[in-house]
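Undergrad: I'd like to ask some things about the structure below.
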Amino acid sequence: MKSYKDLDIYTLSLSLFYKTHPLSLKLPKYELYELGSQIRRSSDSVVTNIVEGYGRKQYKADFIKFLIYAHASNLETGCHFEKIVNLYPHLEAEVKPLQKDYDILGAKIYTFLQYVKKNWNKFE
């Protein structure tokens, strides 16, 4: 692995961010700076924490810490989707597939986190 760009969790999280951002702009204007901003920031946080963690991979604790942050931001994004579905049911058809994709991403981040905990020295 030469770069964070080789990580499946990176490519998936970046792709999901690019899908989440325009969806957030479909919220009513009064939500663009509330719930819309929250979901944009949490989905961005998933991918950026993966990158930052990889950038600190020489320090096991930092690598793990940022992967935990990425996983937590992934869960936060799922929570925001739940709110959107309940508050704006007309967006449910667009949100549900993204929710499933974020669930898959969360499992992949968790699996990678466990791998790093056991095999950190292979990244050196």
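Ordering of the structure tokens sets the chain letters (A, B, ...); residue numbers start at 1 within each chain; ligands are numbered from 1 in the order shown.
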Within 7 Å of range 35-38 of chain A, counting only C-alpha atoms, which residues show up once you throw out same-chain ones fewer than 4 positions away? Write them as a list in words, please.
TA: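 Skipping anything fewer than 4 positions along the chain leaves Ser24, Leu25, Leu27, Glu31 and Ser42 of chain A.
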Undergrad: Any idea what's packed within 8 Å of Thr48 in chain A, counting only C-alpha atoms, ignoring anything in its chain fewer than 4 positions away? Could you give it as a list in words?
TA: Asp44, Glu52 and Ala70 of chain A
Undergrad: Quick one: of A:Lys122, A:Tyr88, A:Lys96, A:Phe66, who's nearest to Lys26 in chain A, counting only C-alpha atoms?
TA: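 Among the listed residues, A:Tyr88 lies closest to Lys26 in chain A.
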Undergrad: Find the residues around Leu113 in chain A up to 12 Å (only C-alpha atoms counted), leave out those fewer than 4 positions away in its own chain, and share them as a PyMOL selection string.
TA: chain A and resi 9+50+53-54+57+60-71+106-109+117-120
Undergrad: With only C-alpha atoms as the atoms that count, which of A:Leu75, A:Leu98, A:Val47, A:Leu32 lies nearest to Thr20 in chain A?
TA: A:Leu98
Undergrad: What separation in Å, quoted to one decimal, exists between CA of Pro97 in chain A and CA of Thr111 in chain A?
TA: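 Going from CA of Pro97 in chain A over to CA of Thr111 in chain A covers 21.3 Å.
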Undergrad: I'd like the interatomic distance between CA of Leu16 in chain A and CA of Tyr115 in chain A, to a tenth of an Å.
TA: 22.7 Å
Undergrad: Residues within 8 Å of Gly78 in chain A, please, as a VMD selection string. Count only C-alpha atoms; anything in the same chain fewer than 4 positions from it doesn't count.
TA: chain A and resid 74 82 99 102 to 103
Undergrad: Go ahead and write the residues just picked, N, CA, C and O atoms, as an mmCIF file, in the first residue's frame.
TA:
```cif
data_model
loop_
_atom_site.group_PDB
_atom_site.id
_atom_site.type_symbol
_atom_site.label_atom_id
_atom_site.label_comp_id
_atom_site.auth_asym_id
_atom_site.auth_seq_id
_atom_site.Cartn_x
_atom_site.Cartn_y
_atom_site.Cartn_z
ATOM 1 N N ASN A 74 -18.882 8.415 10.821
ATOM 2 C CA ASN A 74 -19.743 7.592 9.970
ATOM 3 C C ASN A 74 -21.075 7.328 10.677
ATOM 4 O O ASN A 74 -22.147 7.444 10.074
ATOM 5 N N GLU A 82 -31.101 9.488 9.384
ATOM 6 C CA GLU A 82 -32.318 9.066 10.087
ATOM 7 C C GLU A 82 -33.238 10.266 10.329
ATOM 8 O O GLU A 82 -34.451 10.201 10.119
ATOM 9 N N GLN A 99 -27.828 5.437 3.243
ATOM 10 C CA GLN A 99 -27.746 4.877 4.595
ATOM 11 C C GLN A 99 -27.136 3.480 4.555
ATOM 12 O O GLN A 99 -26.275 3.153 5.366
ATOM 13 N N TYR A 102 -23.440 3.728 3.874
ATOM 14 C CA TYR A 102 -22.697 4.157 5.060
ATOM 15 C C TYR A 102 -22.616 3.032 6.096
ATOM 16 O O TYR A 102 -21.615 2.922 6.814
ATOM 17 N N ASP A 103 -23.638 2.195 6.175
ATOM 18 C CA ASP A 103 -23.564 1.032 7.065
ATOM 19 C C ASP A 103 -22.450 0.087 6.614
ATOM 20 O O ASP A 103 -21.686 -0.430 7.437
#
```
Undergrad: Considering only C-alpha atoms, state which residue in the set A:Cys79, A:Val51, A:Val95, A:Met1 is at the smallest distance from His21 in chain A.
TA: A:Val95
